[in-house]
Every structure is written in structure tokens, then in C-alpha cells.
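Peer 1: Below you will find the structure I want to go over with you.
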Amino acid sequence: MDTNLKNELENYSNKTSKKKYFFIVLILLLLIGAGYYYFVNNQSKKEQVVSFNTKKVTRGDLSVVVSATGTINPTNSVEIGVEVSGTIKEIFVDFNDEVKVGQLLATLDTRKLQSEVDGQTAALAIANANLKESEVNLRNKKSVYDRTLKMYNSSGGKYPSINELDSTRFAYEAALSSLEAAKAKVEQSSFNLNTAKQNLDKAYVRSSINGIVLNRAVEVGQTLAASMNAPKLFTLAKDLTQMDLIVSIDESDVADIKKDLDVTFSVDAYPNRTFKGKIKQVRLNPITVNGVVTYETVVGFSNEELLLRPGMTATAQIITKQSIDKLIIPNSALRFKPKVQVEQKANTMNLVQGPRRPMGESQARDNSKREFSPIFILENNQPKRVMVKVLETDGKSTTVESKDLKVDDEVIMSQKSDNAK
């Protein structure tokens, strides 16, 4: 009896616990459902406010510019050196002096060189004297040989003997060879004298061009040793009214750099002034520095006022392309694509993409407008898709052509969405 009562009490307790857990779970589900209903109902009462960042289409000119830096150089500069060794005796020009072709710039001490000239002059005189002696000796030997031969022929070969005749003939031939050697000696001495005179003349350093002295690298009393290389004395620049700007063009831009393109540039010495020039040469030789490949480009310009000096660093702007009187839009307009709500996609599909077309018609349309790009303009507070042909860009703005786009149209660059009740 007690055992049955105990079992009944345990069964009742288990049933009560299960009901209790069931009601707790049911209450939790009701709370979650109520929260979800409130959230969805509250969201449905909100509407999305979309604002667009726009810019008006303009018409004008646009230039594509490549920037580069370089150094100003004379059109022609010459380093004046000396081919003979010696000590600087006099200097007749200084920095910035104008010089003419053949003008004396400096002289070396010529005493040693003059001694060489005198020595070679004496050697030539000796050679000439030896030549005259050889000529006299030749005449003597020839006379003896002729008499001996005549006597030999007259006596029928009996007198003098054949040995004596051969001796006179050999002596004559030796005298003839001595004369040839004496002539060669005279010629050699003459060449040596000319070389000594040329060396003496090289001691007088003269200008090879009409120009200006950019650099003077020597002082009076300085000793020069011309062994393997000629010592540099002066640097002369030819006509600083016409100069060159040599700029380095990156390999990614060099394809657009052509001869006769217009160039504007500025220097730090005149920050508020712009100078103009034209490209005269694009060099094919590549220059690689730290893995970066550049090509030297020569820009010619007029320097009539002599404001610009050799060695100045210049920043150049090279106009590679120009679009004249074209529609201009910001580059961000080409990247913009509108974002719409999920529930509005069906209503705005024909606005953004237009009506559906059969596959064949759509494919033909895409093929016919490959060179066109889509942009969006704001019309009645809604984005409208317009196809434009992209022409040129300077990195910030782009020139385009389109029958559906006109000046003062509001081109959409970006959009922003806000939620409000």
C-alpha cells in the first residue's frame, strides 16, 4: 500500500515539472515572436531617403599632361684641355667671360718646349749638311766609276782589272745608298721639328668655339701632366640664348611623347614664372635606376633674357593630347553605379537597365557600342542611364561625346542613403 502511494506521488511530480517547462518555452517563443513582429512592423514604417552627389556637365578644352623633371644644359658645351705637360704661366679669361674662336685663353711655360724646337732645328740642319756631303761623295764615286769603266772598255778589258772595275762600281752604289739615307734623315728631322713646333703651339690654349666660360679649373703656377688623358682647363658653353632641358620620361608615358610637342616648365629660381619649349629629341637609350626605366627627352627653348642657367632643375609639363570644345565630366561619374532597395528593384529595373530585349537584340546592341560607357544623370530626382563615348582624361576629368548628354546636366558621382520615420 505504501509502495503504490509513493509511485503515484513520483508520477504526479514528473508531470508537474514537464508542464512547467512547457509553459516556460511557450512564453519565450511568444516573446520572440512579439519582438520580431514589432521590429518588422517598425521597419516597414521607415522609408529610405537617398541623396545623390552630382556635378554639372561643362563644355571646354582638356589637356593630357605628362610631368617630368630634368636639368637645364647648354645646347653645346666644350671642355678645353691641353695635350702637353707643363706649368700654367698665364690665364687670360675668367668665369662668365665671352670668348671667340681662336682667342688665347692661357699659356704654359714654353722654355722646355722651345728647347725641343731648337734642338730639332739643329738636327734638321745637321741632316741637310749630311745630305750635301752624300751628294758630293756620290758625284765623286760616280766619276771614278765612269773613268774606270771607260779605260776598261778602251783597253779591251786588259786594264784595269775586272776587280778594280767592280770596286769602283760598288763604291758608287754605296754612295748612292748613303744619299738616300741622308734624304730620309732630312725628312725625319723635318717631321720631328714640325712635331716640336706643334707641341710649342699647344702650349698656347685657345678657344675652339664662340661662347662663354662656364668653368675655369686651373690657376697660374699649376703643373699639368698630360699622360693618358688631357688635363681639363676650361668649360665653354655655346650661345646661352638657346638652351636644352633634358628630362627623364617614365617608360609608362614614353609612348605618348613625340617630337615638337609643346612643353611648359618652371624652376625654383622663378616660382611664379612659366617657360615654354618644344621637344626636339626623344632618345632611345634606356636609363635604369633602382629598377625604374626612364628615357631622356631633350626640350629646346629660347633663353633670350639669360634668366635660366646651366644646371638648374626644372619641372616640366608635357602636353601629349588635347580635346578642344568637348563635354567634360568628372572621372568618378564613370565609376558610379546606383544602389537601390530590394523592394524597388522591380520598379526601377526599366529605369536603370531599360526594357528587356531578346538575347539576340541585346547582344547586337552590346557589340555596336563597345566603345561606349554608361554614366547616370539625375532626372526628376531619379538616376537615368546615359551612354557616352570616352575621349581623353587628365586623371580628374574626362571628355566625352554623347547625343543624350548636354551642358548643365547633373552627372551623378556618388549616392548616400539615410533611414527616417
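We name chains A, B, ... following the order of the C-alpha cells; residues begin at 1 in each chain, and ligands are numbered from 1 as shown.
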Could you list, as a VMD selection string, every residue within 7 Å of stretch 104-119 of chain A, counting only C-alpha atoms and ignoring same-chain residues fewer than 4 positions away?
Peer 2: chain A and resid 86 to 93 123 193 196 to 197 199 to 200 203 to 207
Peer 1: Filtering to all heavy atoms, could you give me those residues as a CSV table (one decimal), in the first residue's frame?
Peer 2:
```csv
chain,number,residue,atom,x,y,z
A,86,GLY,N,103.2,70.7,-68.6
A,86,GLY,CA,103.9,72.0,-68.3
A,86,GLY,C,103.3,72.7,-67.1
A,86,GLY,O,102.4,72.2,-66.5
A,87,THR,N,103.7,73.9,-66.9
A,87,THR,CA,103.2,74.7,-65.8
A,87,THR,C,102.5,75.9,-66.4
A,87,THR,O,102.9,76.5,-67.3
A,87,THR,CB,104.4,75.2,-64.9
A,87,THR,OG1,105.1,74.1,-64.4
A,87,THR,CG2,103.9,76.1,-63.8
A,88,ILE,N,101.3,76.2,-65.8
A,88,ILE,CA,100.5,77.3,-66.3
A,88,ILE,C,101.2,78.6,-66.0
A,88,ILE,O,101.6,78.9,-64.8
A,88,ILE,CB,99.1,77.3,-65.6
A,88,ILE,CG1,98.3,76.1,-65.9
A,88,ILE,CG2,98.3,78.6,-65.9
A,88,ILE,CD1,97.9,76.0,-67.4
A,89,LYS,N,101.5,79.4,-67.0
A,89,LYS,CA,102.2,80.7,-66.9
A,89,LYS,C,101.3,81.8,-66.8
A,89,LYS,O,101.4,82.7,-66.0
A,89,LYS,CB,103.2,80.8,-68.1
A,89,LYS,CG,104.0,82.1,-68.0
A,89,LYS,CD,105.0,82.1,-69.2
A,89,LYS,CE,105.9,83.4,-69.1
A,89,LYS,NZ,106.8,83.5,-70.3
A,90,GLU,N,100.3,81.9,-67.7
A,90,GLU,CA,99.3,83.0,-67.7
A,90,GLU,C,97.9,82.5,-68.0
A,90,GLU,O,97.7,81.5,-68.8
A,90,GLU,CB,99.7,84.0,-68.7
A,90,GLU,CG,101.0,84.8,-68.4
A,90,GLU,CD,101.3,85.8,-69.5
A,90,GLU,OE1,101.8,85.4,-70.5
A,90,GLU,OE2,101.0,87.0,-69.3
A,91,ILE,N,96.9,83.1,-67.4
A,91,ILE,CA,95.5,82.9,-67.7
A,91,ILE,C,94.8,84.2,-68.1
A,91,ILE,O,95.0,85.2,-67.4
A,91,ILE,CB,94.8,82.2,-66.5
A,91,ILE,CG1,95.4,80.9,-66.2
A,91,ILE,CG2,93.3,82.1,-66.8
A,91,ILE,CD1,94.8,80.2,-65.0
A,92,PHE,N,94.2,84.2,-69.2
A,92,PHE,CA,93.7,85.5,-69.8
A,92,PHE,C,92.1,85.6,-69.7
A,92,PHE,O,91.6,86.7,-70.0
A,92,PHE,CB,94.1,85.6,-71.3
A,92,PHE,CG,95.5,85.5,-71.5
A,92,PHE,CD1,96.1,84.4,-71.9
A,92,PHE,CD2,96.4,86.6,-71.2
A,92,PHE,CE1,97.5,84.3,-72.1
A,92,PHE,CE2,97.7,86.5,-71.4
A,92,PHE,CZ,98.3,85.4,-71.8
A,93,VAL,N,91.4,84.6,-69.2
A,93,VAL,CA,90.0,84.7,-69.1
A,93,VAL,C,89.5,84.2,-67.7
A,93,VAL,O,90.3,83.5,-67.1
A,93,VAL,CB,89.2,83.8,-70.2
A,93,VAL,CG1,89.5,84.4,-71.6
A,93,VAL,CG2,89.6,82.4,-70.2
A,123,ALA,N,119.0,69.6,-85.5
A,123,ALA,CA,119.1,68.2,-86.0
A,123,ALA,C,118.8,68.3,-87.5
A,123,ALA,O,119.4,67.6,-88.3
A,123,ALA,CB,118.2,67.3,-85.3
A,193,LEU,N,110.8,68.3,-86.2
A,193,LEU,CA,110.8,69.7,-86.0
A,193,LEU,C,109.3,70.2,-86.0
A,193,LEU,O,108.9,71.0,-85.2
A,193,LEU,CB,111.6,70.5,-87.0
A,193,LEU,CG,111.6,72.0,-86.9
A,193,LEU,CD1,112.1,72.5,-85.6
A,193,LEU,CD2,112.4,72.6,-88.1
A,196,ALA,N,107.7,69.2,-82.7
A,196,ALA,CA,108.1,70.1,-81.7
A,196,ALA,C,107.4,71.5,-81.8
A,196,ALA,O,107.0,72.1,-80.8
A,196,ALA,CB,109.6,70.3,-81.7
A,197,LYS,N,107.3,72.0,-83.0
A,197,LYS,CA,106.6,73.3,-83.2
A,197,LYS,C,105.1,73.2,-82.8
A,197,LYS,O,104.5,74.1,-82.2
A,197,LYS,CB,106.7,73.7,-84.6
A,197,LYS,CG,108.1,74.2,-85.0
A,197,LYS,CD,108.2,74.7,-86.4
A,197,LYS,CE,109.6,75.2,-86.8
A,197,LYS,NZ,109.6,75.7,-88.2
A,199,ASN,N,103.8,71.0,-80.6
A,199,ASN,CA,103.8,71.0,-79.1
A,199,ASN,C,103.9,72.4,-78.5
A,199,ASN,O,103.3,72.7,-77.5
A,199,ASN,CB,104.8,70.0,-78.6
A,199,ASN,CG,104.5,68.6,-78.9
A,199,ASN,OD1,103.3,68.2,-79.1
A,199,ASN,ND2,105.5,67.7,-78.9
A,200,LEU,N,104.8,73.2,-79.1
A,200,LEU,CA,105.0,74.5,-78.6
A,200,LEU,C,103.7,75.3,-78.9
A,200,LEU,O,103.3,76.1,-78.0
A,200,LEU,CB,106.2,75.2,-79.4
A,200,LEU,CG,106.5,76.6,-79.0
A,200,LEU,CD1,106.8,76.8,-77.5
A,200,LEU,CD2,107.6,77.2,-79.9
A,203,ALA,N,101.0,74.8,-76.3
A,203,ALA,CA,101.2,75.5,-75.0
A,203,ALA,C,100.4,76.7,-74.9
A,203,ALA,O,100.2,77.3,-73.8
A,203,ALA,CB,102.7,75.7,-74.8
A,204,TYR,N,99.9,77.2,-76.1
A,204,TYR,CA,99.0,78.4,-76.1
A,204,TYR,C,97.6,77.9,-76.3
A,204,TYR,O,97.2,77.5,-77.4
A,204,TYR,CB,99.4,79.3,-77.3
A,204,TYR,CG,100.8,79.9,-77.1
A,204,TYR,CD1,101.9,79.1,-77.7
A,204,TYR,CD2,101.1,81.1,-76.5
A,204,TYR,CE1,103.2,79.6,-77.5
A,204,TYR,CE2,102.4,81.5,-76.4
A,204,TYR,CZ,103.4,80.8,-76.9
A,204,TYR,OH,104.7,81.3,-76.7
A,205,VAL,N,96.8,77.9,-75.2
A,205,VAL,CA,95.5,77.3,-75.2
A,205,VAL,C,94.5,78.3,-75.8
A,205,VAL,O,94.4,79.4,-75.3
A,205,VAL,CB,95.1,76.9,-73.7
A,205,VAL,CG1,93.7,76.3,-73.7
A,205,VAL,CG2,96.1,76.0,-73.1
A,206,ARG,N,93.8,77.9,-76.8
A,206,ARG,CA,92.9,78.8,-77.5
A,206,ARG,C,91.5,78.2,-77.5
A,206,ARG,O,91.2,77.0,-77.4
A,206,ARG,CB,93.3,79.0,-78.9
A,206,ARG,CG,94.8,79.6,-79.0
A,206,ARG,CD,95.2,79.8,-80.4
A,206,ARG,NE,96.6,80.2,-80.5
A,206,ARG,CZ,97.0,81.5,-80.4
A,206,ARG,NH1,96.1,82.4,-80.2
A,206,ARG,NH2,98.3,81.8,-80.4
A,207,SER,N,90.5,79.1,-77.7
A,207,SER,CA,89.1,78.7,-77.7
A,207,SER,C,88.7,78.0,-79.1
A,207,SER,O,89.2,78.5,-80.1
A,207,SER,CB,88.2,79.9,-77.5
A,207,SER,OG,86.8,79.5,-77.7
```
Peer 1: Compile the contact shell of A:Tyr172 as a VMD selection string: residues with an atom at most 10 Å away, counting only C-alpha atoms, same-chain residues fewer than 5 positions apart removed.
Peer 2: chain A and resid 137 to 146 166 to 167 177 to 178
Peer 1: With C-alpha atoms retained, write the just-selected residues as a tab-separated table (two decimals), in the first residue's frame.
Peer 2:
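Writing the result to part-v7.tsv gives the following:
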```tsv
chain	number	residue	atom	x	y	z
A	137	ASN	CA	130.52	61.83	-102.30
A	138	LEU	CA	128.07	60.32	-104.80
A	139	ARG	CA	129.37	62.55	-107.60
A	140	ASN	CA	132.95	61.62	-106.74
A	141	LYS	CA	132.27	57.88	-106.71
A	142	LYS	CA	130.33	58.12	-109.95
A	143	SER	CA	133.17	60.00	-111.65
A	144	VAL	CA	135.73	57.40	-110.56
A	145	TYR	CA	133.50	54.58	-111.74
A	146	ASP	CA	132.88	56.25	-115.13
A	166	ASP	CA	133.95	46.11	-109.62
A	167	SER	CA	135.41	48.01	-106.64
A	177	SER	CA	122.53	54.37	-100.89
A	178	SER	CA	124.14	56.84	-98.49
```
Peer 1: Restricting the calculation to only C-alpha atoms: of A:Lys150, A:Lys202, A:Lys276, A:Lys321, which residue gets closest to A:Thr399?
Peer 2: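 Ranked by minimum distance to A:Thr399, first place goes to A:Lys321.
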Peer 1: List the neighbours of A:Pro338 out to 9 Å using only C-alpha atoms; skip same-chain residues closer than 5 positions along the sequence, and give me the result as an MDAnalysis selection string.
Peer 2: chainID A and resid 352 376 383 412 414:415
Peer 1: Write out the residues from the selection above, keeping C-alpha atoms, as a PDB file, in the first residue's frame.
Peer 2:
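What follows is the written file result.pdb:
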```
ATOM      1  CA  VAL A 352      18.282  51.667 -64.839  1.00  0.00           C
ATOM      2  CA  PHE A 376      23.998  58.273 -64.749  1.00  0.00           C
ATOM      3  CA  PRO A 383      19.152  58.247 -61.833  1.00  0.00           C
ATOM      4  CA  ILE A 412      25.875  61.556 -60.502  1.00  0.00           C
ATOM      5  CA  SER A 414      28.031  59.041 -55.656  1.00  0.00           C
ATOM      6  CA  GLN A 415      24.962  58.439 -53.511  1.00  0.00           C
TER       7      GLN A 415
END
```
Peer 1: Which residues are near A:Lys403? Cut-off 12 Å, only C-alpha atoms, ignore same chain within fewer than 5 positions. Put them as a ChimeraX atom specification.
Peer 2: /A:327,372,386-389
Peer 1: Just the residues within 7 Å of stretch 240-247 of chain A, please, counting only C-alpha atoms, with nothing from its chain fewer than 5 positions along; format it as a list in words.
Peer 2: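 Residues near the query, excluding close chain neighbours: Ala68, Thr69, Gly70, Thr71, Ile72, Asn73, Pro74, Thr75, Glu296, Thr297, Val298, Val299, Gly300, Phe301, Ser302, Asn303, Glu304 and Leu306 of chain A.
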Peer 1: For the residues in that selection, give me C-alpha atoms as a PDB file, in the first residue's frame.
Peer 2:
```pdb
ATOM      1  CA  ALA A  68      58.805  65.106 -65.598  1.00  0.00           C
ATOM      2  CA  THR A  69      61.871  66.656 -64.020  1.00  0.00           C
ATOM      3  CA  GLY A  70      65.218  67.400 -65.575  1.00  0.00           C
ATOM      4  CA  THR A  71      68.267  69.640 -65.790  1.00  0.00           C
ATOM      5  CA  ILE A  72      68.963  72.656 -67.980  1.00  0.00           C
ATOM      6  CA  ASN A  73      72.055  72.365 -70.178  1.00  0.00           C
ATOM      7  CA  PRO A  74      73.699  74.426 -72.934  1.00  0.00           C
ATOM      8  CA  THR A  75      72.976  73.245 -76.458  1.00  0.00           C
ATOM      9  CA  GLU A 296      65.908  61.059 -71.741  1.00  0.00           C
ATOM     10  CA  THR A 297      63.974  63.641 -73.734  1.00  0.00           C
ATOM     11  CA  VAL A 298      65.537  66.894 -74.970  1.00  0.00           C
ATOM     12  CA  VAL A 299      63.408  70.056 -74.869  1.00  0.00           C
ATOM     13  CA  GLY A 300      64.726  73.078 -76.751  1.00  0.00           C
ATOM     14  CA  PHE A 301      63.815  76.587 -75.605  1.00  0.00           C
ATOM     15  CA  SER A 302      64.814  80.213 -76.052  1.00  0.00           C
ATOM     16  CA  ASN A 303      66.705  81.963 -73.241  1.00  0.00           C
ATOM     17  CA  GLU A 304      66.985  85.448 -74.699  1.00  0.00           C
ATOM     18  CA  LEU A 306      69.525  84.798 -69.919  1.00  0.00           C
TER      19      LEU A 306
END
```
Peer 1: With the cut-off set at 6 Å and counting only C-alpha atoms, tabulate each residue of stretch 178-294 of chain A with an atom at most that distance from an atom of stretch 309-316 of chain A, showing the nearest atom pair and its distance in Å to one decimal, ordered by chain and increasing number, as a Markdown table.
Peer 2:
```
| residue | atom | partner | partner_atom | distance |
| --- | --- | --- | --- | --- |
| A:Thr264 | CA | A:Ala316 | CA | 5.7 |
| A:Phe265 | CA | A:Ala316 | CA | 4.1 |
| A:Ser266 | CA | A:Thr315 | CA | 5.5 |
| A:Val267 | CA | A:Ala314 | CA | 4.7 |
```
Peer 1: Taking all heavy atoms for each residue, export the selection above as an mmCIF file, in the first residue's frame.
Peer 2:
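The resulting file, result.cif, is shown below:
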```cif
data_model
loop_
_atom_site.group_PDB
_atom_site.id
_atom_site.type_symbol
_atom_site.label_atom_id
_atom_site.label_comp_id
_atom_site.auth_asym_id
_atom_site.auth_seq_id
_atom_site.Cartn_x
_atom_site.Cartn_y
_atom_site.Cartn_z
ATOM 1 N N THR A 264 55.778 73.102 -71.126
ATOM 2 C CA THR A 264 55.926 74.222 -70.200
ATOM 3 C C THR A 264 56.697 73.726 -68.979
ATOM 4 O O THR A 264 56.534 72.568 -68.566
ATOM 5 C CB THR A 264 54.559 74.764 -69.759
ATOM 6 O OG1 THR A 264 53.816 73.725 -69.120
ATOM 7 C CG2 THR A 264 53.771 75.278 -70.960
ATOM 8 N N PHE A 265 57.516 74.590 -68.417
ATOM 9 C CA PHE A 265 58.309 74.175 -67.258
ATOM 10 C C PHE A 265 58.590 75.363 -66.351
ATOM 11 O O PHE A 265 58.458 76.533 -66.761
ATOM 12 C CB PHE A 265 59.625 73.502 -67.689
ATOM 13 C CG PHE A 265 60.570 74.393 -68.437
ATOM 14 C CD1 PHE A 265 61.576 75.091 -67.771
ATOM 15 C CD2 PHE A 265 60.473 74.532 -69.815
ATOM 16 C CE1 PHE A 265 62.451 75.906 -68.467
ATOM 17 C CE2 PHE A 265 61.344 75.347 -70.516
ATOM 18 C CZ PHE A 265 62.339 76.032 -69.845
ATOM 19 N N SER A 266 58.954 75.064 -65.133
ATOM 20 C CA SER A 266 59.272 76.091 -64.148
ATOM 21 C C SER A 266 60.517 75.672 -63.383
ATOM 22 O O SER A 266 60.875 74.491 -63.339
ATOM 23 C CB SER A 266 58.095 76.297 -63.183
ATOM 24 O OG SER A 266 57.814 75.089 -62.487
ATOM 25 N N VAL A 267 61.188 76.659 -62.790
ATOM 26 C CA VAL A 267 62.376 76.422 -61.977
ATOM 27 C C VAL A 267 62.175 77.093 -60.626
ATOM 28 O O VAL A 267 61.365 78.023 -60.491
ATOM 29 C CB VAL A 267 63.647 76.956 -62.672
ATOM 30 C CG1 VAL A 267 63.922 76.209 -63.958
ATOM 31 C CG2 VAL A 267 63.538 78.454 -62.935
#
```
Peer 1: Between A:Ser397, A:Ser323, A:Thr168, A:Asn194, which has the minimum distance to A:Arg147 (counting only C-alpha atoms)?
Peer 2: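 Result for the nearest residue to A:Arg147: A:Thr168.
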